[in-house]
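Input: a single structure, listed below in structure tokens.
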Amino acid sequence: MYSEILNFLPADRLLFHEEMKKHTTFKIGGPADIMALPRDEEDVRALIAFGRQRRIPMFVLGMGSNLLVKDGGIRGIVIKLGDNLDAVEVKGDEIQAQAGVKLSTLARIASFHSLSGLEFAEGIPGSLGGALVMNAGAYNGEMQGIVTEATAVGPDGSLKTFKPKEIEFNYRHSVFQNNGYFVLAARLQLVYDERDRIESRMQEFARRREEKQPLDKPSAGSTFKRPPGFYVGPMLEELGLKGYSIGGAQVSRKHAGFIINNGNATAGDVLQLIDYIQQKAGERFGVELQTEIRVVGED
């Protein structure tokens, strides 16, 4: 298999038994069999087609910001787009960008061009592709409101363009979570505004994040989706779970909606803590908490 991959990807872009904790904001995760660092979209298409032909499992990774990789790691090939496919083109009030670009970087590019609509992304550590897949949002902004089309690669390596209705955006959801396609690029429709006003809003959102979120500790962002009629943080505080730990995983004392890695957490610790929280929330509030973070890999 190794010699075949070298036909379209040089050896310096292949990592073997790579610890996934190096590639996630949670700083948790066992080894990937192979991590591929593609140079362009053609590399991605070739890798995916190769994986399908050889029946090798494939996983596409952005910045690893909304991800918990299990301690046994990931079998097959992990294709890392973050830090690779990050080209951005601004045309008038539209931005065409590749999936690997960091969302907060894209927000600053938009601001530089006096384009509004991405302010909510200031400080979000994920990639454009990951944000689109999860319909990321904050402070009354969501990807759903600005994406006009997405280009994705299918299991056979072919490209398809998805319009908003086909993307099926919903709260922290898109069709890409279960349709077998991987996002490669997106077109965003923004609106003109004064740069000073855009930057002021971004600074305010950054201040709020710094004030409320545990940015000094590794995490995967908000752990749970918000259930109807409740806010997760206050729920967990009422349950007395703020600061509660299992192993190295802890409910943040700063914001109970976050589970943090206190330095030596395993994926097993995090998953046990998630199960415990879900159990307590169900008993007390009759709520079935669902995770916002994506869990992948093997035990």
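In the structure tokens, the first chain shown is A, the next is B, and so on; residue numbers restart at 1 for each chain, and ligands run from 1 in the order shown.
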Excluding Gln53 (chain A) and any residue of its chain fewer than 4 positions from it, enumerate the residues within 10 Å of it, using only C-alpha atoms, and give them as a PDB file with C-alpha atoms, in the first residue's frame.
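The result, written out as part22.pdb:
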ATOM      1  CA  LEU A  47      -6.451   9.533  -1.999  1.00  0.00           C
ATOM      2  CA  ILE A  48     -10.183   9.006  -1.577  1.00  0.00           C
ATOM      3  CA  ALA A  49     -10.477   7.074  -4.836  1.00  0.00           C
ATOM      4  CA  PRO A 155     -16.461   8.255  -2.108  1.00  0.00           C
ATOM      5  CA  ASP A 156     -15.398   7.619  -5.709  1.00  0.00           C
TER       6      ASP A 156
END
What's the 7 Å shell around region 106-118 of chain A, counting only C-alpha atoms, without same-chain residues fewer than 5 positions away, as a PDB file with C-alpha atoms, in the first residue's frame?
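Contents of out.pdb, freshly written:
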ATOM      1  CA  ASP A  93     -18.802  40.709  -1.597  1.00  0.00           C
ATOM      2  CA  VAL A 101      -8.390  27.556   6.015  1.00  0.00           C
ATOM      3  CA  ILE A 146     -23.512  32.894   4.615  1.00  0.00           C
ATOM      4  CA  LEU A 190     -21.145  38.552   2.797  1.00  0.00           C
ATOM      5  CA  VAL A 191     -22.220  42.204   2.938  1.00  0.00           C
ATOM      6  CA  TYR A 192     -20.240  45.416   2.912  1.00  0.00           C
ATOM      7  CA  ASP A 193     -19.844  47.411   6.112  1.00  0.00           C
ATOM      8  CA  GLU A 194     -17.332  49.816   7.623  1.00  0.00           C
ATOM      9  CA  ARG A 195     -14.159  48.010   8.629  1.00  0.00           C
ATOM     10  CA  ILE A 198     -16.692  44.966  11.805  1.00  0.00           C
ATOM     11  CA  GLU A 199     -13.476  44.933  13.846  1.00  0.00           C
TER      12      GLU A 199
END
>> Report as a PyMOL selection string all protein, DNA and RNA residues lying within 8 Å of Met58 (chain A), evaluated on only C-alpha atoms, omitting residues in the same chain fewer than 3 positions from it.
In response: chain A and resi 48+51+76-79
Write a file of the selected residues as a CSV table (one decimal), in the first residue's frame, keeping N, CA and C atoms.
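Saved result, result.csv, follows:
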chain,number,residue,atom,x,y,z
A,48,ILE,N,-8.9,9.6,-1.9
A,48,ILE,CA,-10.2,9.0,-1.6
A,48,ILE,C,-10.5,7.9,-2.6
A,51,GLY,N,-8.5,4.9,-1.6
A,51,GLY,CA,-9.1,4.2,-0.4
A,51,GLY,C,-10.3,3.4,-0.8
A,76,GLY,N,-6.8,3.0,9.0
A,76,GLY,CA,-6.9,3.5,7.7
A,76,GLY,C,-6.1,4.8,7.5
A,77,ILE,N,-6.6,5.7,6.6
A,77,ILE,CA,-5.9,6.9,6.3
A,77,ILE,C,-6.7,8.1,6.8
A,78,VAL,N,-6.0,9.0,7.5
A,78,VAL,CA,-6.5,10.3,7.9
A,78,VAL,C,-5.9,11.3,6.9
A,79,ILE,N,-6.8,12.0,6.2
A,79,ILE,CA,-6.4,13.1,5.3
A,79,ILE,C,-6.6,14.4,6.0
> Which of region 103-183 of chain A counts as helix (DSSP H, G or I) under DSSP, as a PyMOL selection string please?
Replying inline: chain A and resi 103-112+119-121+128-134+143-145+164-167+175-177
Considering only C-alpha atoms, tabulate each residue of region 183-225 of chain A that lies at most 12 Å from region 81-90 of chain A along with its nearest interatomic pair and the corresponding distance in Å to one decimal; arrange the rows by chain and ascending residue number and present them as a tab-separated table.
residue	atom	partner	partner_atom	distance
A:Val183	CA	A:Leu81	CA	9.9
A:Leu184	CA	A:Leu85	CA	8.0
A:Ala185	CA	A:Leu85	CA	8.8
A:Ala186	CA	A:Val88	CA	9.9
A:Arg187	CA	A:Glu89	CA	9.6
A:Leu188	CA	A:Val90	CA	9.6
A:Gln189	CA	A:Val90	CA	10.4
A:Leu190	CA	A:Val90	CA	10.4
Residues from last step as file, N, CA and C atoms, as a PDB file, in the first residue's frame:
ATOM      1  N   VAL A 183     -16.099  17.905   2.362  1.00  0.00           N
ATOM      2  CA  VAL A 183     -16.074  19.285   1.861  1.00  0.00           C
ATOM      3  C   VAL A 183     -14.649  19.692   1.494  1.00  0.00           C
ATOM      4  N   LEU A 184     -14.498  20.268   0.307  1.00  0.00           N
ATOM      5  CA  LEU A 184     -13.198  20.750  -0.154  1.00  0.00           C
ATOM      6  C   LEU A 184     -13.133  22.276  -0.223  1.00  0.00           C
ATOM      7  N   ALA A 185     -14.273  22.914  -0.467  1.00  0.00           N
ATOM      8  CA  ALA A 185     -14.273  24.371  -0.616  1.00  0.00           C
ATOM      9  C   ALA A 185     -15.693  24.885  -0.443  1.00  0.00           C
ATOM     10  N   ALA A 186     -15.810  26.191  -0.245  1.00  0.00           N
ATOM     11  CA  ALA A 186     -17.134  26.802  -0.101  1.00  0.00           C
ATOM     12  C   ALA A 186     -17.109  28.230  -0.612  1.00  0.00           C
ATOM     13  N   ARG A 187     -18.278  28.678  -1.033  1.00  0.00           N
ATOM     14  CA  ARG A 187     -18.460  30.078  -1.437  1.00  0.00           C
ATOM     15  C   ARG A 187     -19.342  30.753  -0.394  1.00  0.00           C
ATOM     16  N   LEU A 188     -18.912  31.922   0.056  1.00  0.00           N
ATOM     17  CA  LEU A 188     -19.632  32.650   1.091  1.00  0.00           C
ATOM     18  C   LEU A 188     -20.119  33.980   0.551  1.00  0.00           C
ATOM     19  N   GLN A 189     -21.356  34.332   0.879  1.00  0.00           N
ATOM     20  CA  GLN A 189     -21.938  35.619   0.500  1.00  0.00           C
ATOM     21  C   GLN A 189     -21.959  36.516   1.732  1.00  0.00           C
ATOM     22  N   LEU A 190     -21.217  37.618   1.682  1.00  0.00           N
ATOM     23  CA  LEU A 190     -21.145  38.552   2.797  1.00  0.00           C
ATOM     24  C   LEU A 190     -21.718  39.894   2.364  1.00  0.00           C
TER      25      LEU A 190
END
Apply DSSP to the backbone of this structure and, from region 121-185 of chain A, keep only the residues in strand (DSSP E); write these as a CSV table (one decimal) with C-alpha atoms, in the first residue's frame.
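Contents of part.csv, freshly written:
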chain,number,residue,atom,x,y,z
A,137,GLY,CA,-22.2,29.4,15.0
A,138,ALA,CA,-22.1,31.8,17.8
A,141,GLY,CA,-24.4,34.0,13.5
A,142,GLU,CA,-24.2,30.6,11.7
A,147,VAL,CA,-22.8,29.7,2.6
A,148,THR,CA,-24.1,29.8,-1.0
A,149,GLU,CA,-22.5,26.6,-2.2
A,150,ALA,CA,-20.1,23.9,-1.2
A,151,THR,CA,-17.8,21.8,-3.3
A,152,ALA,CA,-17.3,18.2,-1.9
A,153,VAL,CA,-15.7,15.0,-3.1
A,159,LEU,CA,-16.7,16.3,-7.3
A,160,LYS,CA,-20.2,17.7,-6.6
A,161,THR,CA,-21.5,21.2,-5.9
A,162,PHE,CA,-24.1,21.5,-3.2
A,182,PHE,CA,-16.0,15.5,2.2
A,183,VAL,CA,-16.1,19.3,1.9
A,184,LEU,CA,-13.2,20.8,-0.2
A,185,ALA,CA,-14.3,24.4,-0.6
> Near region 240-246 of chain A, counting only C-alpha atoms, which residues have an atom at most 7 Å away, once you skip same-chain residues fewer than 5 positions from it, shown as a list of chain:residue names?
Replying inline: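 Near neighbours after the sequence-gap exclusion: A:Val251, A:Ser252, A:Arg253, A:Ala256, A:Asp269, A:Leu273.
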> Which neighbours of Arg201 (chain A) fall inside 7 Å, counting only C-alpha atoms, when residues of the same chain fewer than 4 positions from it are skipped, and could you give them as a ChimeraX atom specification?
Replying inline: /A:119,197,205
>> So the first atom is CA of Met20 (chain A) and the second is CA of Lys217 (chain A); what is the distance between them in Å, to one decimal place?
In response: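 Computing it gives 17.4 Å between the two atoms.
Here the question is which of A:Glu18, A:Leu236, A:Gln203, A:Gln213 gets nearest to Gln279 (chain A) using only C-alpha atoms, and that residue is A:Leu236.
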>> Quick check, in Å to one decimal: how far apart do CA of Lys254 (chain A) and CA of Pro214 (chain A) lie?
In response: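 CA of Pro214 (chain A) lies 5.9 Å from CA of Lys254 (chain A).
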